[in-house]
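Visitor: Next comes the structure file start-v9.cif, holding mmCIF, C-alpha atoms.
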data_target
#
loop_
_atom_site.label_atom_id
_atom_site.label_comp_id
_atom_site.auth_asym_id
_atom_site.auth_seq_id
_atom_site.Cartn_x
_atom_site.Cartn_y
_atom_site.Cartn_z
CA MET A 16 -38.69 -5.77 -14.61
CA VAL A 17 -41.07 -6.08 -17.57
CA ALA A 18 -41.37 -9.82 -16.90
CA GLU A 19 -42.14 -9.12 -13.25
CA VAL A 20 -44.84 -6.58 -14.07
CA THR A 21 -46.46 -9.00 -16.53
CA ALA A 22 -46.27 -11.94 -14.10
CA GLY A 23 -47.45 -9.75 -11.21
CA ILE A 24 -50.57 -8.67 -13.10
CA LEU A 25 -51.33 -12.20 -14.30
CA ALA A 26 -50.77 -13.71 -10.85
CA SER A 27 -52.40 -10.79 -8.94
CA SER A 28 -49.24 -10.62 -6.84
CA LEU A 29 -48.43 -7.37 -5.05
CA ALA A 30 -45.11 -8.87 -3.99
CA LEU A 31 -44.03 -9.22 -7.62
CA LEU A 32 -45.34 -5.77 -8.51
CA SER A 33 -43.50 -4.35 -5.50
CA ASP A 34 -40.31 -6.06 -6.64
CA ALA A 35 -40.85 -4.73 -10.15
CA ALA A 36 -41.25 -1.18 -8.86
CA HIS A 37 -38.14 -1.64 -6.77
CA MET A 38 -36.29 -3.00 -9.79
CA LEU A 39 -37.23 0.15 -11.69
CA THR A 40 -35.64 2.23 -8.93
CA ASP A 41 -32.66 -0.15 -9.05
CA ALA A 42 -32.14 0.63 -12.73
CA ALA A 43 -32.47 4.36 -12.09
CA ALA A 44 -30.16 4.14 -9.08
CA LEU A 45 -27.48 2.28 -11.02
CA ALA A 46 -27.65 4.77 -13.90
CA LEU A 47 -27.52 7.71 -11.48
CA SER A 48 -24.64 6.16 -9.53
CA LEU A 49 -22.66 5.50 -12.69
CA ALA A 50 -23.17 9.07 -13.93
CA ALA A 51 -22.27 10.49 -10.51
CA ALA A 52 -19.11 8.36 -10.30
CA ARG A 53 -17.96 9.60 -13.70
CA ILE A 54 -18.67 13.24 -12.82
CA ALA A 55 -16.98 12.92 -9.41
CA ILE A 56 -13.58 12.01 -10.89
CA ARG A 57 -13.35 15.27 -12.80
CA PRO A 58 -10.53 17.48 -11.47
CA ALA A 59 -11.17 20.60 -9.42
CA HIS A 60 -11.54 23.78 -11.43
CA GLY A 61 -12.94 27.28 -11.13
CA ALA A 62 -15.25 27.77 -8.17
CA MET A 63 -15.35 24.01 -7.50
CA THR A 64 -12.13 23.94 -5.48
CA TYR A 65 -12.92 20.47 -4.08
CA GLY A 66 -13.98 19.15 -7.46
CA LEU A 67 -17.36 17.46 -8.00
CA GLY A 68 -16.97 14.67 -5.45
CA ARG A 69 -20.19 15.54 -3.64
CA VAL A 70 -22.23 14.65 -6.71
CA GLU A 71 -21.89 11.08 -5.43
CA ILE A 72 -23.45 12.15 -2.12
CA LEU A 73 -26.33 13.78 -4.00
CA SER A 74 -26.82 10.50 -5.85
CA ALA A 75 -26.87 8.53 -2.59
CA GLN A 76 -29.42 10.94 -1.12
CA ALA A 77 -31.63 10.66 -4.22
CA ASN A 78 -31.48 6.86 -3.91
CA GLY A 79 -32.50 7.12 -0.27
CA ILE A 80 -35.47 9.35 -1.10
CA THR A 81 -36.74 7.02 -3.84
CA LEU A 82 -36.52 4.05 -1.48
CA LEU A 83 -38.47 6.00 1.16
CA VAL A 84 -41.29 7.06 -1.17
CA LEU A 85 -41.61 3.66 -2.82
CA GLY A 86 -41.53 1.86 0.53
CA LEU A 87 -44.39 3.98 1.88
CA LEU A 88 -46.49 3.37 -1.26
CA ILE A 89 -45.97 -0.39 -0.96
CA VAL A 90 -46.97 -0.31 2.73
CA TYR A 91 -50.24 1.41 1.80
CA ASP A 92 -51.08 -1.05 -0.99
CA ALA A 93 -50.12 -4.04 1.18
CA ILE A 94 -52.50 -2.93 3.93
CA VAL A 95 -55.32 -2.62 1.38
CA ARG A 96 -54.64 -6.17 0.14
CA LEU A 97 -54.49 -7.53 3.66
CA VAL A 98 -58.03 -6.28 4.16
CA SER A 99 -59.25 -7.63 0.80
CA PRO A 100 -56.79 -10.29 -0.38
CA PRO A 101 -57.03 -11.26 -4.09
CA HIS A 102 -56.42 -14.76 -5.39
CA VAL A 103 -52.69 -15.15 -6.01
CA LYS A 104 -51.19 -17.71 -8.42
CA GLY A 105 -48.36 -19.05 -6.29
CA GLY A 106 -46.66 -21.07 -9.03
CA VAL A 107 -46.02 -18.04 -11.26
CA VAL A 108 -44.82 -16.02 -8.28
CA LEU A 109 -42.39 -18.74 -7.22
CA VAL A 110 -40.78 -19.09 -10.67
CA VAL A 111 -40.26 -15.37 -11.10
CA ALA A 112 -38.97 -15.01 -7.54
CA LEU A 113 -36.35 -17.73 -8.04
CA VAL A 114 -35.12 -16.08 -11.25
CA GLY A 115 -35.00 -12.75 -9.43
CA ILE A 116 -32.89 -14.25 -6.63
CA ALA A 117 -30.33 -15.51 -9.16
CA VAL A 118 -30.16 -12.17 -10.99
CA ASN A 119 -29.74 -10.12 -7.83
CA LEU A 120 -27.12 -12.46 -6.42
CA ALA A 121 -25.05 -11.81 -9.55
CA ALA A 122 -25.60 -8.05 -9.32
CA ALA A 123 -24.70 -7.97 -5.63
CA ARG A 124 -21.49 -9.85 -6.34
CA ILE A 125 -20.53 -7.34 -9.03
CA LEU A 126 -21.06 -4.42 -6.63
CA SER A 127 -19.26 -6.10 -3.73
CA PRO A 128 -16.02 -4.18 -3.01
CA ARG A 129 -12.72 -5.82 -3.88
CA ASP A 130 -10.84 -3.96 -1.12
CA GLY A 131 -13.55 -3.92 1.53
CA THR A 132 -14.59 -0.30 0.95
CA ARG A 133 -17.39 1.36 -1.00
CA THR A 134 -18.21 4.99 -1.68
CA LEU A 135 -21.56 6.15 -0.34
CA ASN A 136 -22.71 6.41 -3.96
CA VAL A 137 -21.95 2.75 -4.74
CA GLU A 138 -23.29 1.82 -1.32
CA GLY A 139 -26.64 3.29 -2.35
CA SER A 140 -26.76 1.09 -5.44
CA TYR A 141 -25.61 -1.94 -3.45
CA ARG A 142 -28.38 -1.45 -0.89
CA HIS A 143 -30.93 -1.24 -3.69
CA ILE A 144 -29.74 -4.58 -5.07
CA LEU A 145 -29.47 -6.21 -1.65
CA THR A 146 -32.96 -5.06 -0.68
CA ASP A 147 -34.28 -6.45 -3.96
CA LEU A 148 -32.54 -9.77 -3.25
CA TYR A 149 -34.14 -10.03 0.20
CA GLY A 150 -37.46 -9.03 -1.35
CA PHE A 151 -37.30 -11.86 -3.86
CA ILE A 152 -36.49 -14.29 -1.06
CA ALA A 153 -39.54 -13.07 0.88
CA THR A 154 -41.64 -13.36 -2.29
CA ALA A 155 -40.45 -16.93 -2.86
CA VAL A 156 -41.33 -17.86 0.72
CA ALA A 157 -44.76 -16.28 0.29
CA ALA A 158 -45.30 -18.26 -2.93
CA VAL A 159 -44.41 -21.52 -1.19
CA VAL A 160 -46.86 -20.69 1.61
CA ILE A 161 -49.62 -19.92 -0.91
CA LEU A 162 -49.00 -23.16 -2.83
CA ALA A 163 -48.91 -25.22 0.37
CA THR A 164 -51.80 -23.65 2.29
CA GLY A 165 -53.70 -21.31 -0.04
CA PHE A 166 -53.09 -18.43 2.38
CA SER A 167 -53.20 -15.51 -0.10
CA ARG A 168 -52.40 -12.91 2.56
CA ALA A 169 -48.83 -14.24 2.51
CA ASP A 170 -48.32 -12.13 -0.62
CA PRO A 171 -49.06 -8.70 0.94
CA ILE A 172 -47.19 -9.78 4.07
CA ALA A 173 -44.14 -10.42 1.90
CA SER A 174 -44.69 -6.96 0.39
CA LEU A 175 -44.58 -5.45 3.88
CA VAL A 176 -41.28 -7.23 4.48
CA ILE A 177 -39.93 -5.77 1.23
CA ALA A 178 -41.18 -2.29 2.21
CA GLY A 179 -39.56 -2.61 5.63
CA LEU A 180 -36.22 -3.47 4.03
CA MET A 181 -36.56 -0.51 1.67
CA LEU A 182 -37.34 1.89 4.51
CA HIS A 183 -34.38 0.60 6.53
CA ALA A 184 -32.02 1.06 3.58
CA SER A 185 -33.49 4.51 2.94
CA TYR A 186 -32.87 5.58 6.54
CA GLY A 187 -29.22 4.53 6.35
CA LEU A 188 -28.59 6.37 3.07
CA LEU A 189 -30.35 9.56 4.16
CA LYS A 190 -28.57 9.54 7.51
CA GLU A 191 -25.09 9.10 6.00
CA SER A 192 -25.61 11.58 3.17
CA GLY A 193 -27.13 14.05 5.64
CA ARG A 194 -24.01 13.80 7.81
CA VAL A 195 -21.86 14.81 4.83
CA PHE A 196 -24.08 17.74 3.86
CA MET A 197 -24.25 18.97 7.48
CA GLU A 198 -20.44 18.69 7.59
CA ALA A 199 -20.53 16.44 10.65
CA ALA A 200 -17.42 14.50 11.60
CA PRO A 201 -17.14 11.26 9.60
CA SER A 202 -18.29 8.07 11.27
CA GLY A 203 -15.44 6.60 13.27
CA LEU A 204 -13.69 9.93 13.87
CA ASP A 205 -14.21 11.56 17.27
CA PRO A 206 -13.21 15.27 17.19
CA GLU A 207 -12.73 15.30 20.96
CA GLN A 208 -10.34 12.34 20.79
CA ILE A 209 -8.43 13.98 17.94
CA GLY A 210 -8.17 17.24 19.86
CA ARG A 211 -6.82 15.49 22.96
CA ALA A 212 -4.27 13.60 20.85
CA LEU A 213 -3.03 16.84 19.28
CA ALA A 214 -2.91 18.71 22.59
CA ALA A 215 -0.96 15.86 24.22
CA GLN A 216 2.02 16.22 21.87
CA PRO A 217 5.22 17.68 23.33
CA GLY A 218 5.47 21.43 22.88
CA VAL A 219 1.76 21.95 22.15
CA VAL A 220 0.18 24.47 24.51
CA GLU A 221 -3.36 24.62 23.17
CA VAL A 222 -5.60 23.38 20.34
CA HIS A 223 -8.82 25.20 19.43
CA ASP A 224 -11.09 25.95 16.45
CA LEU A 225 -10.90 22.26 15.58
CA HIS A 226 -13.17 21.22 12.70
CA VAL A 227 -13.49 17.74 11.20
CA TRP A 228 -15.76 17.04 8.23
CA GLU A 229 -16.13 14.85 5.16
CA VAL A 230 -15.89 16.41 1.70
CA THR A 231 -17.19 13.23 0.06
CA SER A 232 -16.95 9.47 0.67
CA GLY A 233 -13.47 8.57 1.88
CA PHE A 234 -12.29 12.20 1.90
CA PRO A 235 -12.10 13.44 5.52
CA ALA A 236 -10.71 16.91 6.14
CA LEU A 237 -9.55 18.76 9.25
CA SER A 238 -8.58 22.28 10.26
CA ALA A 239 -7.37 23.58 13.62
CA HIS A 240 -5.49 26.40 15.34
CA VAL A 241 -2.53 25.08 17.33
CA VAL A 242 -0.49 27.10 19.83
CA VAL A 243 3.04 25.86 20.63
CA LYS A 244 5.63 27.01 23.16
CA ALA A 245 7.44 30.25 22.49
CA GLY A 246 10.73 29.63 20.72
CA ASP A 247 9.76 26.19 19.34
CA ASP A 248 9.94 25.39 15.64
CA CYS A 249 6.30 25.79 14.61
CA HIS A 250 6.91 24.26 11.15
CA ALA A 251 8.39 21.12 12.71
CA HIS A 252 5.37 20.89 15.03
CA ARG A 253 2.99 21.23 12.08
CA ARG A 254 4.69 18.42 10.17
CA SER A 255 4.67 16.21 13.25
CA LEU A 256 0.97 16.81 13.88
CA GLN A 257 0.12 16.14 10.24
CA ARG A 258 1.92 12.79 10.42
CA LEU A 259 0.00 11.98 13.60
CA LEU A 260 -3.35 12.79 11.96
CA GLU A 261 -2.55 10.66 8.92
CA ASP A 262 -1.06 7.67 10.75
CA ARG A 263 -3.50 7.42 13.67
CA PHE A 264 -6.74 8.82 12.23
CA GLY A 265 -6.33 8.46 8.46
CA VAL A 266 -6.87 12.19 7.83
CA ARG A 267 -4.59 13.40 5.03
CA HIS A 268 -6.23 16.69 4.07
CA THR A 269 -5.36 19.01 6.95
CA THR A 270 -5.02 22.75 7.46
CA LEU A 271 -3.16 23.60 10.67
CA GLN A 272 -2.52 27.17 11.74
CA VAL A 273 0.41 26.96 14.15
CA ASP A 274 1.37 30.00 16.26
CA HIS A 275 3.76 30.59 19.12
CA ASP A 276 2.55 31.12 22.64
CA ALA A 277 3.01 34.74 23.71
CA ALA A 278 6.24 35.16 25.68
CA PRO A 279 5.61 36.17 29.28
CA GLN A 280 6.34 39.87 29.90
CA ALA A 281 7.82 41.35 33.04
CA PRO A 282 5.20 43.13 35.14
CA LEU A 283 5.06 46.89 34.61
CA GLN A 284 6.50 48.82 37.57
CA ILE A 285 5.45 52.37 38.32
CA GLU A 286 7.59 54.47 40.66
CA VAL A 287 6.04 57.36 42.54
CA PRO A 288 8.19 60.52 42.18
CA ALA A 289 9.83 61.67 45.37
CA VAL A 290 8.64 65.12 46.56
CA ASP A 291 11.13 67.47 48.33
CA SER A 292 10.15 68.93 51.67
CA PRO A 293 8.75 72.51 51.49
CA HIS A 294 11.23 73.43 54.19
CA GLU A 295 14.04 72.74 51.69
CA GLY A 296 13.17 75.49 49.26
CA GLY A 297 9.96 74.15 47.77
CA GLN A 298 11.74 72.31 44.90
CA THR A 299 10.67 68.88 43.82
CA GLY A 300 12.81 66.05 42.52
CA ALA A 301 12.12 62.68 40.90
#
As structure tokens, please, write out the structure in this file.
Guide:
Amino acid sequence: MVAEVTAGILASSLALLSDAAHMLTDAAALALSLAAARIAIRPAHGAMTYGLGRVEILSAQANGITLLVLGLLIVYDAIVRLVSPPHVKGGVVLVVALVGIAVNLAAARILSPRDGTRTLNVEGSYRHILTDLYGFIATAVAAVVILATGFSRADPIASLVIAGLMLHASYGLLKESGRVFMEAAPSGLDPEQIGRALAAQPGVVEVHDLHVWEVTSGFPALSAHVVVKAGDDCHAHRRSLQRLLEDRFGVRHTTLQVDHDAAPQAPLQIEVPAVDSPHEGGQTGA
């Protein structure tokens, strides 16, 4: 980052300075993600009955906000340089950009998941690195254009490309972290589909008060009130529905309140008392 700042000032390159600013946020994002990951593995205790898993979501949201703010600042500066383009030393820009590509390729490989999954926290760091990689590629292309044609506006144009990538990554992080904080159903889980699957099981009369949310990355949770036929084994139904939720939808943390359907009651019959004739002594009988 220090090398980029120095080279950016010497070469009058906004693209390099933009990359340097982004690299600063990369370093902060990686440090924040690492701290959040360590805190998140602490066991639940006291009032924190779910543990501290959502610290990772806070980290992802913070990463998204920094990308948003930095992206907007770069857009502003790029527009200013498009109007009044400075002289850019393409050779210096190209060398630094190529080194940056190599560094970010290594970092992206380290953060690539071994099992195909990433927490939202690590995803935030990965998007920082990936955006930086694309930014260096755009900077290298701009440097080649400047060396070949002398078109200095290629540098702020590359900065706009970098800013666009940052804003796109920011939108994704803020959207996903916002879903968790708003307790929306996790991506890929349709509450209506889950409800229909539960209600279609033999012996189930009704399913209502169904809630599906995500405690933290990879931790979906579900609660529902299930009514089964009168006389059925409600505990057996609960175990069967829990297996269904785990096998078909991957939801392991479930709270199911299972009750019996009210047994139908015979209609109440009211008999009108018979009244004796007044001619028979005025007595009444029922």
Visitor: Quick one: of A:Glu229, A:Glu261, A:Glu221, A:Asp276, who's nearest to Arg69 in chain A, counting only C-alpha atoms?
Guide: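 When distances to Arg69 in chain A are compared using only C-alpha atoms, the smallest one comes from A:Glu229.
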Visitor: Just so the selection is clear, what residues does the PyMOL selection byres ((chain A and resi 109) around 10) cover here, as a list in words?
Guide: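 Evaluating the PyMOL selection byres ((chain A and resi 109) around 10) on these coordinates yields Leu31, Lys104, Gly105, Gly106, Val107, Val108, Val110, Val111, Ala112, Leu113, Val114, Gly115, Phe151, Ile152, Thr154, Ala155, Val156, Ala157, Ala158, Val159, Ile161 and Leu162 of chain A.
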Visitor: Taking the file as I've supplied it (selection: the PyMOL selection byres ((chain A and resi 35) around 8)), which residues are included? Please answer as a list in words.
Guide: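 Those residues are Met16, Val17, Glu19, Val20, Leu31, Leu32, Ser33, Asp34, Ala36, His37, Met38 and Leu39 of chain A.
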Visitor: Could you please determine the separation between CA of His102 in chain A and CA of Ala117 in chain A in Å, to one decimal place?
Guide: 26.4 Å
Visitor: So which residues get picked by the PyMOL selection byres ((chain A and resi 273) around 8) here, written as a ChimeraX atom specification?
Guide: /A:240-243,249-250,252-253,271-272,274-275
Visitor: Please produce a file of those selected residues containing C-alpha atoms, as a PDB file, in the coordinates of the input.
Guide:
ATOM      1  CA  HIS A 240      -5.490  26.400  15.340  1.00  0.00           C
ATOM      2  CA  VAL A 241      -2.530  25.080  17.330  1.00  0.00           C
ATOM      3  CA  VAL A 242      -0.490  27.100  19.830  1.00  0.00           C
ATOM      4  CA  VAL A 243       3.040  25.860  20.630  1.00  0.00           C
ATOM      5  CA  CYS A 249       6.300  25.790  14.610  1.00  0.00           C
ATOM      6  CA  HIS A 250       6.910  24.260  11.150  1.00  0.00           C
ATOM      7  CA  HIS A 252       5.370  20.890  15.030  1.00  0.00           C
ATOM      8  CA  ARG A 253       2.990  21.230  12.080  1.00  0.00           C
ATOM      9  CA  LEU A 271      -3.160  23.600  10.670  1.00  0.00           C
ATOM     10  CA  GLN A 272      -2.520  27.170  11.740  1.00  0.00           C
ATOM     11  CA  ASP A 274       1.370  30.000  16.260  1.00  0.00           C
ATOM     12  CA  HIS A 275       3.760  30.590  19.120  1.00  0.00           C
TER      13      HIS A 275
END
Visitor: Just give me the gap between CA of Ala123 in chain A and CA of Ala184 in chain A in Å, one decimal is fine.
Guide: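 Going from CA of Ala123 in chain A over to CA of Ala184 in chain A covers 14.8 Å.
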Visitor: I'd like to know which of A:Ala18, A:Ala169, A:Leu225, A:Leu182 is closest to Ile94 in chain A, using all atoms listed in the file.
Guide: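 Selected residue with least distance to Ile94 in chain A: A:Ala169.
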Visitor: To one decimal in Å, tell me the separation between CA of Ile116 in chain A and CA of Asp147 in chain A.
Guide: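 Separation between CA of Ile116 in chain A and CA of Asp147 in chain A: 8.4 Å.
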Visitor: Near Ala122 in chain A, within 9 Å and counting all atoms listed in the file, which residues show up once chain neighbours fewer than 5 positions away are dropped, as an MDAnalysis selection string?
Guide: chainID A and resid 117 127 141 144:145
Visitor: So that I have them on file, write out the residues from the current selection with C-alpha atoms, as a JSON list (two decimals), keeping the file's coordinate frame.
Guide:
[["chain", "number", "residue", "atom", "x", "y", "z"],
["A", 117, "ALA", "CA", -30.33, -15.51, -9.16],
["A", 127, "SER", "CA", -19.26, -6.10, -3.73],
["A", 141, "TYR", "CA", -25.61, -1.94, -3.45],
["A", 144, "ILE", "CA", -29.74, -4.58, -5.07],
["A", 145, "LEU", "CA", -29.47, -6.21, -1.65]]
Visitor: May I ask which of the residues A:Thr81, A:Gln257, A:Thr164, A:Ser192 is the closest one to Thr269 in chain A, counting all atoms listed in the file?
Guide: A:Gln257
Visitor: Return the single residue from A:Arg267, A:Phe234, A:Ala200, A:Leu126 that is closest to Arg254 in chain A, with distances computed using all atoms listed in the file.
Guide: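 Comparing A:Arg267, A:Phe234, A:Ala200, A:Leu126 against Arg254 in chain A, the winner is A:Arg267.
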Visitor: I'd like the neighbourhood of Pro171 in chain A as a PDB file with C-alpha atoms, in the frame of the given file, where a residue qualifies if any of its atoms comes within 9 Å (using all atoms listed in the file), though same-chain residues fewer than 5 positions away should be ignored.
Guide:
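Output contents, as saved in out11.pdb:
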ATOM      1  CA  SER A  28     -49.240 -10.620  -6.840  1.00  0.00           C
ATOM      2  CA  LEU A  29     -48.430  -7.370  -5.050  1.00  0.00           C
ATOM      3  CA  ALA A  30     -45.110  -8.870  -3.990  1.00  0.00           C
ATOM      4  CA  VAL A  90     -46.970  -0.310   2.730  1.00  0.00           C
ATOM      5  CA  ASP A  92     -51.080  -1.050  -0.990  1.00  0.00           C
ATOM      6  CA  ALA A  93     -50.120  -4.040   1.180  1.00  0.00           C
ATOM      7  CA  ILE A  94     -52.500  -2.930   3.930  1.00  0.00           C
ATOM      8  CA  VAL A  95     -55.320  -2.620   1.380  1.00  0.00           C
ATOM      9  CA  ARG A  96     -54.640  -6.170   0.140  1.00  0.00           C
ATOM     10  CA  LEU A  97     -54.490  -7.530   3.660  1.00  0.00           C
ATOM     11  CA  PRO A 100     -56.790 -10.290  -0.380  1.00  0.00           C
ATOM     12  CA  ALA A 157     -44.760 -16.280   0.290  1.00  0.00           C
ATOM     13  CA  VAL A 176     -41.280  -7.230   4.480  1.00  0.00           C
TER      14      VAL A 176
END
Visitor: For Thr134 in chain A, please output as a ChimeraX atom specification all residues within 7 Å (counting all atoms listed in the file; exclusion window: fewer than 3 positions along the same chain).
Guide: /A:137-138,232-233
